[in-house]
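Pasting upload.cif here (mmCIF, C-alpha atoms and all ligand atoms; chains and numbers go by the auth columns):
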data_data
loop_
_atom_site.group_PDB
_atom_site.id
_atom_site.type_symbol
_atom_site.label_atom_id
_atom_site.label_comp_id
_atom_site.label_asym_id
_atom_site.label_seq_id
_atom_site.Cartn_x
_atom_site.Cartn_y
_atom_site.Cartn_z
_atom_site.B_iso_or_equiv
_atom_site.auth_seq_id
_atom_site.auth_asym_id
ATOM 1 C CA MET A 1 221.982 16.524 158.715 0.00 598 A
ATOM 2 C CA ARG A 2 225.705 16.746 159.350 0.00 599 A
ATOM 3 C CA SER A 3 227.056 19.982 160.833 0.00 600 A
ATOM 4 C CA LYS A 4 229.175 22.507 159.040 0.00 601 A
ATOM 5 C CA ILE A 5 232.205 23.444 161.106 0.00 602 A
ATOM 6 C CA VAL A 6 234.902 26.109 161.032 0.00 603 A
ATOM 7 C CA ALA A 7 237.573 25.347 163.630 0.00 604 A
ATOM 8 C CA GLY A 8 240.615 27.456 164.439 0.00 605 A
ATOM 9 C CA ASN A 9 243.656 25.532 165.638 0.00 606 A
ATOM 10 C CA TRP A 10 245.789 28.167 167.331 0.00 607 A
ATOM 11 C CA LYS A 11 248.723 25.743 167.786 0.00 608 A
ATOM 12 C CA MET A 12 251.448 27.246 170.079 0.00 609 A
ATOM 13 C CA ASN A 13 250.341 30.846 169.539 0.00 610 A
ATOM 14 C CA ASN A 14 248.625 33.533 171.653 0.00 611 A
ATOM 15 C CA ASP A 15 249.505 34.225 175.274 0.00 612 A
ATOM 16 C CA LEU A 16 246.831 34.793 177.908 0.00 613 A
ATOM 17 C CA ALA A 17 246.035 38.369 176.934 0.00 614 A
ATOM 18 C CA ALA A 18 246.019 37.603 173.202 0.00 615 A
ATOM 19 C CA SER A 19 243.784 34.548 173.687 0.00 616 A
ATOM 20 C CA LYS A 20 241.237 36.478 175.736 0.00 617 A
ATOM 21 C CA ALA A 21 241.246 39.322 173.235 0.00 618 A
ATOM 22 C CA LEU A 22 240.770 37.042 170.223 0.00 619 A
ATOM 23 C CA VAL A 23 237.962 35.039 171.833 0.00 620 A
ATOM 24 C CA GLY A 24 236.323 38.339 172.824 0.00 621 A
ATOM 25 C CA GLU A 25 236.474 39.626 169.245 0.00 622 A
ATOM 26 C CA LEU A 26 235.047 36.388 167.851 0.00 623 A
ATOM 27 C CA VAL A 27 232.239 36.345 170.413 0.00 624 A
ATOM 28 C CA SER A 28 231.091 39.784 169.344 0.00 625 A
ATOM 29 C CA GLU A 29 231.472 38.968 165.620 0.00 626 A
ATOM 30 C CA VAL A 30 229.439 35.741 165.738 0.00 627 A
ATOM 31 C CA SER A 31 226.680 37.284 167.836 0.00 628 A
ATOM 32 C CA GLY A 32 225.363 38.995 164.714 0.00 629 A
ATOM 33 C CA LEU A 33 225.332 35.839 162.573 0.00 630 A
ATOM 34 C CA SER A 34 222.640 33.235 162.169 0.00 631 A
ATOM 35 C CA LEU A 35 224.728 30.091 162.485 0.00 632 A
ATOM 36 C CA ASP A 36 222.261 27.665 161.011 0.00 633 A
ATOM 37 C CA ASN A 37 223.692 24.155 161.624 0.00 634 A
ATOM 38 C CA THR A 38 227.193 25.683 161.681 0.00 635 A
ATOM 39 C CA ARG A 39 229.670 25.300 164.522 0.00 636 A
ATOM 40 C CA VAL A 40 232.466 27.791 165.211 0.00 637 A
ATOM 41 C CA ILE A 41 235.325 26.317 167.221 0.00 638 A
ATOM 42 C CA VAL A 42 238.624 27.592 168.617 0.00 639 A
ATOM 43 C CA ALA A 43 241.469 25.491 170.018 0.00 640 A
ATOM 44 C CA PRO A 44 243.752 27.581 172.259 0.00 641 A
ATOM 45 C CA THR A 45 246.783 26.177 174.100 0.00 642 A
ATOM 46 C CA PHE A 46 246.131 24.186 177.272 0.00 643 A
ATOM 47 C CA VAL A 47 247.061 27.046 179.618 0.00 644 A
ATOM 48 C CA ASN A 48 244.556 29.359 177.963 0.00 645 A
ATOM 49 C CA LEU A 49 241.624 26.950 177.841 0.00 646 A
ATOM 50 C CA GLU A 50 240.017 28.010 181.107 0.00 647 A
ATOM 51 C CA SER A 51 240.129 31.736 180.343 0.00 648 A
ATOM 52 C CA SER A 52 238.880 31.071 176.806 0.00 649 A
ATOM 53 C CA VAL A 53 235.934 29.036 178.092 0.00 650 A
ATOM 54 C CA ALA A 54 235.079 31.945 180.401 0.00 651 A
ATOM 55 C CA ALA A 55 235.415 34.489 177.581 0.00 652 A
ATOM 56 C CA ALA A 56 233.221 32.396 175.264 0.00 653 A
ATOM 57 C CA GLU A 57 230.520 31.657 177.832 0.00 654 A
ATOM 58 C CA GLY A 58 227.014 32.256 176.578 0.00 655 A
ATOM 59 C CA SER A 59 228.204 32.623 172.972 0.00 656 A
ATOM 60 C CA ALA A 60 228.200 30.275 169.991 0.00 657 A
ATOM 61 C CA ILE A 61 231.995 29.885 170.160 0.00 658 A
ATOM 62 C CA GLU A 62 233.077 26.389 171.246 0.00 659 A
ATOM 63 C CA VAL A 63 236.455 25.950 172.936 0.00 660 A
ATOM 64 C CA VAL A 64 238.302 22.668 172.353 0.00 661 A
ATOM 65 C CA ALA A 65 241.747 21.260 173.198 0.00 662 A
ATOM 66 C CA GLN A 66 244.554 20.553 170.732 0.00 663 A
ATOM 67 C CA ASN A 67 245.613 17.239 172.268 0.00 664 A
ATOM 68 C CA MET A 68 245.369 15.065 175.379 0.00 665 A
ATOM 69 C CA HIS A 69 247.096 12.089 176.988 0.00 666 A
ATOM 70 C CA GLN A 70 245.587 8.628 176.771 0.00 667 A
ATOM 71 C CA ALA A 71 245.836 7.870 180.511 0.00 668 A
ATOM 72 C CA ASP A 72 243.350 9.307 182.946 0.00 669 A
ATOM 73 C CA SER A 73 245.912 10.288 185.584 0.00 670 A
ATOM 74 C CA GLY A 74 249.299 9.241 186.866 0.00 671 A
ATOM 75 C CA ALA A 75 253.023 9.834 186.606 0.00 672 A
ATOM 76 C CA TYR A 76 253.123 11.494 183.169 0.00 673 A
ATOM 77 C CA THR A 77 254.950 14.747 183.808 0.00 674 A
ATOM 78 C CA GLY A 78 253.765 17.582 181.617 0.00 675 A
ATOM 79 C CA GLU A 79 250.698 15.785 180.265 0.00 676 A
ATOM 80 C CA ILE A 80 246.974 16.607 180.363 0.00 677 A
ATOM 81 C CA SER A 81 244.181 14.036 180.642 0.00 678 A
ATOM 82 C CA GLY A 82 240.717 13.889 179.136 0.00 679 A
ATOM 83 C CA SER A 83 239.018 14.215 182.517 0.00 680 A
ATOM 84 C CA MET A 84 240.978 17.427 183.124 0.00 681 A
ATOM 85 C CA LEU A 85 239.564 18.801 179.881 0.00 682 A
ATOM 86 C CA THR A 86 235.988 17.866 180.733 0.00 683 A
ATOM 87 C CA SER A 87 236.460 19.422 184.193 0.00 684 A
ATOM 88 C CA LEU A 88 236.941 22.762 182.394 0.00 685 A
ATOM 89 C CA GLY A 89 233.684 22.244 180.525 0.00 686 A
ATOM 90 C CA LEU A 90 235.270 21.178 177.241 0.00 687 A
ATOM 91 C CA LYS A 91 233.332 18.874 174.944 0.00 688 A
ATOM 92 C CA SER A 92 235.840 18.144 172.169 0.00 689 A
ATOM 93 C CA VAL A 93 239.516 17.493 171.532 0.00 690 A
ATOM 94 C CA ILE A 94 241.669 17.508 168.400 0.00 691 A
ATOM 95 C CA LEU A 95 243.737 14.324 168.021 0.00 692 A
ATOM 96 C CA GLY A 96 246.233 13.148 165.422 0.00 693 A
ATOM 97 C CA HIS A 97 247.355 16.495 164.055 0.00 694 A
ATOM 98 C CA SER A 98 250.273 16.009 161.659 0.00 695 A
ATOM 99 C CA GLU A 99 252.487 18.135 163.913 0.00 696 A
ATOM 100 C CA ARG A 100 251.810 15.708 166.784 0.00 697 A
ATOM 101 C CA ARG A 101 252.560 12.798 164.460 0.00 698 A
ATOM 102 C CA ALA A 102 255.748 14.347 163.031 0.00 699 A
ATOM 103 C CA TYR A 103 257.332 16.124 166.029 0.00 700 A
ATOM 104 C CA PHE A 104 256.047 14.073 168.951 0.00 701 A
ATOM 105 C CA GLY A 105 256.100 10.581 167.483 0.00 702 A
ATOM 106 C CA GLU A 106 252.354 9.968 167.715 0.00 703 A
ATOM 107 C CA ASP A 107 251.630 6.898 165.622 0.00 704 A
ATOM 108 C CA ASP A 108 248.363 5.224 164.672 0.00 705 A
ATOM 109 C CA ALA A 109 248.366 2.840 167.650 0.00 706 A
ATOM 110 C CA LEU A 110 248.923 5.627 170.163 0.00 707 A
ATOM 111 C CA LEU A 111 246.239 7.715 168.480 0.00 708 A
ATOM 112 C CA ALA A 112 243.778 4.832 168.627 0.00 709 A
ATOM 113 C CA SER A 113 244.294 4.719 172.400 0.00 710 A
ATOM 114 C CA LYS A 114 243.862 8.502 172.657 0.00 711 A
ATOM 115 C CA VAL A 115 240.629 8.260 170.653 0.00 712 A
ATOM 116 C CA ASP A 116 239.324 5.644 173.098 0.00 713 A
ATOM 117 C CA ALA A 117 240.334 7.721 176.118 0.00 714 A
ATOM 118 C CA ALA A 118 238.665 10.840 174.718 0.00 715 A
ATOM 119 C CA LEU A 119 235.387 9.062 173.986 0.00 716 A
ATOM 120 C CA LYS A 120 235.461 7.381 177.398 0.00 717 A
ATOM 121 C CA ASN A 121 235.584 10.890 178.857 0.00 718 A
ATOM 122 C CA ASN A 122 232.626 11.991 176.706 0.00 719 A
ATOM 123 C CA LEU A 123 234.831 14.150 174.527 0.00 720 A
ATOM 124 C CA GLU A 124 234.052 14.414 170.841 0.00 721 A
ATOM 125 C CA VAL A 125 237.148 13.642 168.732 0.00 722 A
ATOM 126 C CA ILE A 126 238.253 15.848 165.850 0.00 723 A
ATOM 127 C CA PHE A 127 240.535 13.294 164.201 0.00 724 A
ATOM 128 C CA CYS A 128 243.249 14.641 161.872 0.00 725 A
ATOM 129 C CA PHE A 129 245.163 12.771 159.196 0.00 726 A
ATOM 130 C CA GLY A 130 246.701 13.429 155.806 0.00 727 A
ATOM 131 C CA GLU A 131 249.477 12.443 153.461 0.00 728 A
ATOM 132 C CA GLU A 132 252.925 13.982 152.971 0.00 729 A
ATOM 133 C CA LEU A 133 254.120 15.491 149.719 0.00 730 A
ATOM 134 C CA GLU A 134 256.088 12.411 148.651 0.00 731 A
ATOM 135 C CA ASP A 135 252.997 10.249 149.175 0.00 732 A
ATOM 136 C CA ARG A 136 251.032 12.428 146.801 0.00 733 A
ATOM 137 C CA LYS A 137 253.848 12.589 144.281 0.00 734 A
ATOM 138 C CA SER A 138 254.068 8.803 144.279 0.00 735 A
ATOM 139 C CA GLU A 139 250.255 8.585 144.065 0.00 736 A
ATOM 140 C CA ASN A 140 250.148 6.732 147.350 0.00 737 A
ATOM 141 C CA HIS A 141 247.953 9.322 149.096 0.00 738 A
ATOM 142 C CA PHE A 142 244.759 7.252 149.151 0.00 739 A
ATOM 143 C CA ASN A 143 246.631 4.316 150.717 0.00 740 A
ATOM 144 C CA ILE A 144 248.204 6.524 153.373 0.00 741 A
ATOM 145 C CA VAL A 145 244.925 8.186 154.317 0.00 742 A
ATOM 146 C CA GLY A 146 243.073 4.861 154.291 0.00 743 A
ATOM 147 C CA GLY A 147 245.712 3.358 156.581 0.00 744 A
ATOM 148 C CA GLN A 148 245.597 6.283 159.020 0.00 745 A
ATOM 149 C CA LEU A 149 241.832 5.914 159.289 0.00 746 A
ATOM 150 C CA LYS A 150 241.792 2.125 159.553 0.00 747 A
ATOM 151 C CA ASN A 151 244.541 2.015 162.179 0.00 748 A
ATOM 152 C CA GLY A 152 243.612 5.121 164.146 0.00 749 A
ATOM 153 C CA ILE A 153 239.832 5.240 164.335 0.00 750 A
ATOM 154 C CA PHE A 154 238.069 2.445 162.442 0.00 751 A
ATOM 155 C CA HIS A 155 238.254 0.206 165.525 0.00 752 A
ATOM 156 C CA LEU A 156 235.298 2.188 166.910 0.00 753 A
ATOM 157 C CA ASP A 157 231.807 0.796 166.708 0.00 754 A
ATOM 158 C CA ALA A 158 229.214 2.609 164.622 0.00 755 A
ATOM 159 C CA ALA A 159 227.510 4.195 167.635 0.00 756 A
ATOM 160 C CA ALA A 160 230.714 6.017 168.613 0.00 757 A
ATOM 161 C CA TRP A 161 230.773 7.890 165.311 0.00 758 A
ATOM 162 C CA LYS A 162 228.212 10.438 166.450 0.00 759 A
ATOM 163 C CA ASN A 163 231.135 11.840 168.487 0.00 760 A
ATOM 164 C CA VAL A 164 233.660 11.887 165.644 0.00 761 A
ATOM 165 C CA VAL A 165 234.605 14.664 163.232 0.00 762 A
ATOM 166 C CA LEU A 166 237.223 13.934 160.569 0.00 763 A
ATOM 167 C CA ALA A 167 239.794 16.497 159.417 0.00 764 A
ATOM 168 C CA TYR A 168 241.777 15.800 156.257 0.00 765 A
ATOM 169 C CA GLU A 169 244.931 17.892 156.307 0.00 766 A
ATOM 170 C CA PRO A 170 247.477 17.134 153.577 0.00 767 A
ATOM 171 C CA VAL A 171 250.829 17.844 155.234 0.00 768 A
ATOM 172 C CA TRP A 172 252.165 19.608 152.131 0.00 769 A
ATOM 173 C CA ALA A 173 249.383 22.213 152.400 0.00 770 A
ATOM 174 C CA ILE A 174 249.833 23.071 156.099 0.00 771 A
ATOM 175 C CA GLY A 175 251.384 26.474 156.688 0.00 772 A
ATOM 176 C CA THR A 176 252.866 26.473 153.201 0.00 773 A
ATOM 177 C CA GLY A 177 250.409 28.741 151.429 0.00 774 A
ATOM 178 C CA GLU A 178 249.863 25.872 149.007 0.00 775 A
ATOM 179 C CA THR A 179 246.270 24.673 149.230 0.00 776 A
ATOM 180 C CA ALA A 180 244.843 21.510 147.809 0.00 777 A
ATOM 181 C CA SER A 181 242.629 22.553 144.934 0.00 778 A
ATOM 182 C CA ALA A 182 238.924 22.355 145.654 0.00 779 A
ATOM 183 C CA ASP A 183 238.776 19.353 143.310 0.00 780 A
ATOM 184 C CA GLN A 184 241.661 17.595 145.098 0.00 781 A
ATOM 185 C CA ALA A 185 239.913 18.174 148.427 0.00 782 A
ATOM 186 C CA GLN A 186 236.589 16.897 147.092 0.00 783 A
ATOM 187 C CA GLU A 187 238.240 13.818 145.552 0.00 784 A
ATOM 188 C CA MET A 188 239.852 12.873 148.872 0.00 785 A
ATOM 189 C CA HIS A 189 236.780 13.715 150.965 0.00 786 A
ATOM 190 C CA ALA A 190 234.599 11.540 148.717 0.00 787 A
ATOM 191 C CA PHE A 191 237.146 8.716 149.104 0.00 788 A
ATOM 192 C CA ILE A 192 237.058 9.131 152.907 0.00 789 A
ATOM 193 C CA ARG A 193 233.260 9.197 153.073 0.00 790 A
ATOM 194 C CA ASN A 194 233.151 6.101 150.893 0.00 791 A
ATOM 195 C CA LEU A 195 235.553 4.283 153.246 0.00 792 A
ATOM 196 C CA VAL A 196 233.363 5.206 156.209 0.00 793 A
ATOM 197 C CA SER A 197 230.340 3.976 154.287 0.00 794 A
ATOM 198 C CA GLU A 198 231.995 0.652 153.391 0.00 795 A
ATOM 199 C CA THR A 199 232.918 0.104 157.034 0.00 796 A
ATOM 200 C CA TYR A 200 229.911 1.520 158.879 0.00 797 A
ATOM 201 C CA GLY A 201 227.153 1.991 156.317 0.00 798 A
ATOM 202 C CA ALA A 202 225.699 4.943 154.470 0.00 799 A
ATOM 203 C CA GLU A 203 223.951 6.491 157.455 0.00 800 A
ATOM 204 C CA VAL A 204 227.142 6.947 159.499 0.00 801 A
ATOM 205 C CA ALA A 205 228.999 8.184 156.414 0.00 802 A
ATOM 206 C CA ASP A 206 226.285 10.696 155.649 0.00 803 A
ATOM 207 C CA GLU A 207 226.300 12.106 159.190 0.00 804 A
ATOM 208 C CA VAL A 208 230.046 12.530 159.734 0.00 805 A
ATOM 209 C CA SER A 209 231.464 16.001 159.121 0.00 806 A
ATOM 210 C CA ILE A 210 234.718 15.957 157.137 0.00 807 A
ATOM 211 C CA LEU A 211 236.808 19.132 157.396 0.00 808 A
ATOM 212 C CA TYR A 212 239.605 20.230 155.103 0.00 809 A
ATOM 213 C CA GLY A 213 242.741 21.842 156.556 0.00 810 A
ATOM 214 C CA GLY A 214 245.785 23.373 154.898 0.00 811 A
ATOM 215 C CA SER A 215 246.253 27.062 154.044 0.00 812 A
ATOM 216 C CA VAL A 216 242.534 27.863 154.070 0.00 813 A
ATOM 217 C CA LYS A 217 242.076 31.639 153.789 0.00 814 A
ATOM 218 C CA PRO A 218 239.068 33.910 153.273 0.00 815 A
ATOM 219 C CA GLU A 219 240.092 34.100 149.588 0.00 816 A
ATOM 220 C CA ASN A 220 239.920 30.349 148.899 0.00 817 A
ATOM 221 C CA ALA A 221 237.393 29.190 151.503 0.00 818 A
ATOM 222 C CA THR A 222 234.261 29.721 149.426 0.00 819 A
ATOM 223 C CA GLU A 223 235.461 27.517 146.592 0.00 820 A
ATOM 224 C CA ILE A 224 236.727 24.733 148.871 0.00 821 A
ATOM 225 C CA PHE A 225 233.534 24.793 150.982 0.00 822 A
ATOM 226 C CA SER A 226 231.358 24.648 147.858 0.00 823 A
ATOM 227 C CA LYS A 227 232.321 20.989 147.353 0.00 824 A
ATOM 228 C CA PRO A 228 229.649 18.526 148.475 0.00 825 A
ATOM 229 C CA ASP A 229 231.864 16.388 150.723 0.00 826 A
ATOM 230 C CA VAL A 230 233.742 19.294 152.332 0.00 827 A
ATOM 231 C CA ASP A 231 231.838 20.203 155.498 0.00 828 A
ATOM 232 C CA GLY A 232 234.130 22.940 156.741 0.00 829 A
ATOM 233 C CA GLY A 233 237.703 23.717 157.617 0.00 830 A
ATOM 234 C CA LEU A 234 240.400 23.312 160.241 0.00 831 A
ATOM 235 C CA ILE A 235 242.246 26.600 160.095 0.00 832 A
ATOM 236 C CA GLY A 236 245.776 27.368 161.339 0.00 833 A
ATOM 237 C CA GLY A 237 247.406 30.683 160.439 0.00 834 A
ATOM 238 C CA ALA A 238 244.233 32.462 159.336 0.00 835 A
ATOM 239 C CA ALA A 239 242.552 31.581 162.653 0.00 836 A
ATOM 240 C CA LEU A 240 244.926 33.882 164.540 0.00 837 A
ATOM 241 C CA ASN A 241 243.336 36.988 163.084 0.00 838 A
ATOM 242 C CA ALA A 242 239.681 37.695 163.906 0.00 839 A
ATOM 243 C CA SER A 243 238.774 39.235 160.562 0.00 840 A
ATOM 244 C CA ASP A 244 240.450 36.469 158.514 0.00 841 A
ATOM 245 C CA PHE A 245 238.796 33.776 160.635 0.00 842 A
ATOM 246 C CA MET A 246 235.417 35.488 160.395 0.00 843 A
ATOM 247 C CA GLY A 247 235.897 35.755 156.640 0.00 844 A
ATOM 248 C CA ILE A 248 236.172 31.967 156.574 0.00 845 A
ATOM 249 C CA VAL A 249 233.158 31.556 158.891 0.00 846 A
ATOM 250 C CA THR A 250 231.168 33.809 156.596 0.00 847 A
ATOM 251 C CA ALA A 251 232.285 31.766 153.592 0.00 848 A
ATOM 252 C CA ILE A 252 230.645 28.685 155.032 0.00 849 A
HETATM 253 P P1 LIG B . 247.343 26.414 158.115 0.00 1 B
HETATM 254 O O1 LIG B . 245.934 26.901 157.935 0.00 1 B
HETATM 255 O O2 LIG B . 248.251 27.429 158.771 0.00 1 B
HETATM 256 O O3 LIG B . 247.910 25.841 156.864 0.00 1 B
HETATM 257 O O4 LIG B . 247.280 25.206 159.180 0.00 1 B
HETATM 258 C C1 LIG B . 246.360 24.184 158.989 0.00 1 B
HETATM 259 C C2 LIG B . 246.361 23.334 160.203 0.00 1 B
HETATM 260 O O5 LIG B . 247.326 22.662 160.492 0.00 1 B
HETATM 261 C C3 LIG B . 245.169 23.364 161.069 0.00 1 B
HETATM 262 O O6 LIG B . 245.204 22.336 162.003 0.00 1 B
#
Could you show the structure in this file as structure tokens?
Amino acid sequence: MRSKIVAGNWKMNNDLAASKALVGELVSEVSGLSLDNTRVIVAPTFVNLESSVAAAEGSAIEVVAQNMHQADSGAYTGEISGSMLTSLGLKSVILGHSERRAYFGEDDALLASKVDAALKNNLEVIFCFGEELEDRKSENHFNIVGGQLKNGIFHLDAAAWKNVVLAYEPVWAIGTGETASADQAQEMHAFIRNLVSETYGAEVADEVSILYGGSVKPENATEIFSKPDVDGGLIGGAALNASDFMGIVTAI
């Protein structure tokens, strides 16, 4: 049975003290929950990964990275490799976030190479994609999402998919307060699962967790998570506050 997942992407927020404090709060909050088949994930900035891993040790909180470089080492000033992440004890990495695509020029081909590098380093990939507002207005959103999947991650063989989580994040819903309706999310998630099924078969499609991201809050999480193809959320702003994030965890 595929996992349910609530993942907090902290983006470029929280210094060392704030990261430790937030992980500490979440650790004590989740300790009272029975997390049946549900994963709770946080993605701090690179510099706060090690302290977050230490703060989360022994708890159900998983710490993951927000990005990585595709090379394993070398003259890439300012970059972080997959083997560096695994050396901290990390097991997963987010790739393809729309902010990486928009502000740092990460295209499908680059992301495909990052996906390969992550898997080679035994890192699970949380692969993000989603259309922009004009794509939805012009009713091109299914084409855009299909293309991002085909060019970024559908080169993998079926066996690799046990280490893949998909995260559909419509760009127009990120940080805007405007959420896709639960029906819009379900419609797209069903489309995505169907594409996976056409390419890899029903078993792979049935096992892959597909998260929704974009202005998820405690107030709207229950309705979005009630949809059959929505397996959880990738949370930005609301993940920076322990009680909001826990409200979303409780919703799932
Ligand atoms: P918000 O929840 O702030 O809209 O951000 C979503 C997101 O980008 C998570 O990766």
Running the PyMOL selection byres (((chain A and resi 650) around 9) and not hetatm) on this model by hand, what would come out? Give it as a PyMOL selection string. chain A and resi 620+645-649+651-654+658-661+685-687
In Å, rounded to a single decimal, give me how far atom O6 of ligand LIG 1 (chain B) is from CA of Asp780 (chain A). 20.0 Å
As a quick test: using all atoms listed in the file, which residues lie no more than 9 Å away from ligand LIG 1 (chain B)? Give them as a short mmCIF file (atom, residue, chain, number, x, y, z; two decimals) with C-alpha atoms, in the coordinates of the input.
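The resulting selection-v5.cif:
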data_model
loop_
_atom_site.label_atom_id
_atom_site.label_comp_id
_atom_site.auth_asym_id
_atom_site.auth_seq_id
_atom_site.Cartn_x
_atom_site.Cartn_y
_atom_site.Cartn_z
CA ALA A 604 237.57 25.35 163.63
CA GLY A 605 240.62 27.46 164.44
CA ASN A 606 243.66 25.53 165.64
CA TRP A 607 245.79 28.17 167.33
CA LYS A 608 248.72 25.74 167.79
CA GLN A 663 244.55 20.55 170.73
CA ILE A 691 241.67 17.51 168.40
CA HIS A 694 247.36 16.50 164.06
CA SER A 695 250.27 16.01 161.66
CA GLU A 696 252.49 18.14 163.91
CA CYS A 725 243.25 14.64 161.87
CA ALA A 764 239.79 16.50 159.42
CA GLU A 766 244.93 17.89 156.31
CA PRO A 767 247.48 17.13 153.58
CA VAL A 768 250.83 17.84 155.23
CA TRP A 769 252.16 19.61 152.13
CA ALA A 770 249.38 22.21 152.40
CA ILE A 771 249.83 23.07 156.10
CA GLY A 772 251.38 26.47 156.69
CA THR A 773 252.87 26.47 153.20
CA GLY A 774 250.41 28.74 151.43
CA GLU A 775 249.86 25.87 149.01
CA THR A 776 246.27 24.67 149.23
CA TYR A 809 239.60 20.23 155.10
CA GLY A 810 242.74 21.84 156.56
CA GLY A 811 245.78 23.37 154.90
CA SER A 812 246.25 27.06 154.04
CA VAL A 813 242.53 27.86 154.07
CA LYS A 814 242.08 31.64 153.79
CA GLY A 830 237.70 23.72 157.62
CA LEU A 831 240.40 23.31 160.24
CA ILE A 832 242.25 26.60 160.10
CA GLY A 833 245.78 27.37 161.34
CA GLY A 834 247.41 30.68 160.44
CA ALA A 835 244.23 32.46 159.34
CA ALA A 836 242.55 31.58 162.65
#
So the first atom is CA of Phe643 (chain A) and the second is CA of Lys601 (chain A); what is the distance between them in Å, to one decimal place? 25.0 Å
Could you write out as a list in words the residues that the PyMOL selection byres (((chain A and resi 741) around 12) and not hetatm) matches in the shown file?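 Expected selection for the PyMOL selection byres (((chain A and resi 741) around 12) and not hetatm) here is Asp705, Phe726, Gly727, Glu728, Glu729, Leu730, Glu731, Asp732, Arg733, Ser735, Glu736, Asn737, His738, Phe739, Asn740, Val742, Gly743, Gly744, Gln745, Leu746, Lys747, Asn748, Gly749, Tyr765, Pro767, Val768, Met785 and Ile789 of chain A.
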Restricting to only C-alpha atoms, whichever of A:Ser840, A:Ser656, A:Ser670, A:Ser684 is closest to Val627 (chain A) is A:Ser656
Contact residues around Thr796 (chain A) with all atoms listed in the file at 10 Å, ignoring same-chain residues under 6 positions, as a list in words: Lys747, Phe751, Asp754, Ala755, Arg790 and Ala802 of chain A
Can you give me all heavy atoms for region 643-647 of chain A, written as a short mmCIF file (atom, residue, chain, number, x, y, z; two decimals), keeping the file's coordinate frame?
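Wrote out-v3.cif, looks like this:
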data_model
loop_
_atom_site.label_atom_id
_atom_site.label_comp_id
_atom_site.auth_asym_id
_atom_site.auth_seq_id
_atom_site.Cartn_x
_atom_site.Cartn_y
_atom_site.Cartn_z
N PHE A 643 246.69 24.69 176.01
CA PHE A 643 246.13 24.19 177.27
C PHE A 643 246.00 25.29 178.33
O PHE A 643 244.97 25.39 178.98
CB PHE A 643 247.02 23.08 177.84
CG PHE A 643 246.89 21.75 177.14
CD1 PHE A 643 248.03 21.09 176.68
CD2 PHE A 643 245.66 21.14 176.98
CE1 PHE A 643 247.93 19.85 176.05
CE2 PHE A 643 245.54 19.91 176.35
CZ PHE A 643 246.69 19.26 175.89
N VAL A 644 247.08 26.08 178.50
CA VAL A 644 247.06 27.05 179.62
C VAL A 644 246.02 28.14 179.42
O VAL A 644 245.65 28.81 180.39
CB VAL A 644 248.44 27.70 179.87
CG1 VAL A 644 249.42 26.70 180.43
CG2 VAL A 644 248.99 28.37 178.62
N ASN A 645 245.56 28.31 178.20
CA ASN A 645 244.56 29.36 177.96
C ASN A 645 243.15 28.80 177.74
O ASN A 645 242.25 29.54 177.33
CB ASN A 645 244.98 30.23 176.78
CG ASN A 645 246.23 31.02 177.14
OD1 ASN A 645 246.36 31.50 178.27
ND2 ASN A 645 247.16 31.14 176.21
N LEU A 646 242.96 27.53 178.04
CA LEU A 646 241.62 26.95 177.84
C LEU A 646 240.61 27.53 178.83
O LEU A 646 239.50 27.92 178.45
CB LEU A 646 241.67 25.42 177.98
CG LEU A 646 242.30 24.67 176.80
CD1 LEU A 646 242.48 23.20 177.14
CD2 LEU A 646 241.47 24.85 175.53
N GLU A 647 241.00 27.59 180.09
CA GLU A 647 240.02 28.01 181.11
C GLU A 647 239.55 29.45 180.86
O GLU A 647 238.35 29.74 180.89
CB GLU A 647 240.61 27.87 182.51
CG GLU A 647 239.58 28.07 183.60
CD GLU A 647 240.13 27.83 185.00
OE1 GLU A 647 241.36 27.61 185.14
OE2 GLU A 647 239.33 27.89 185.94
#
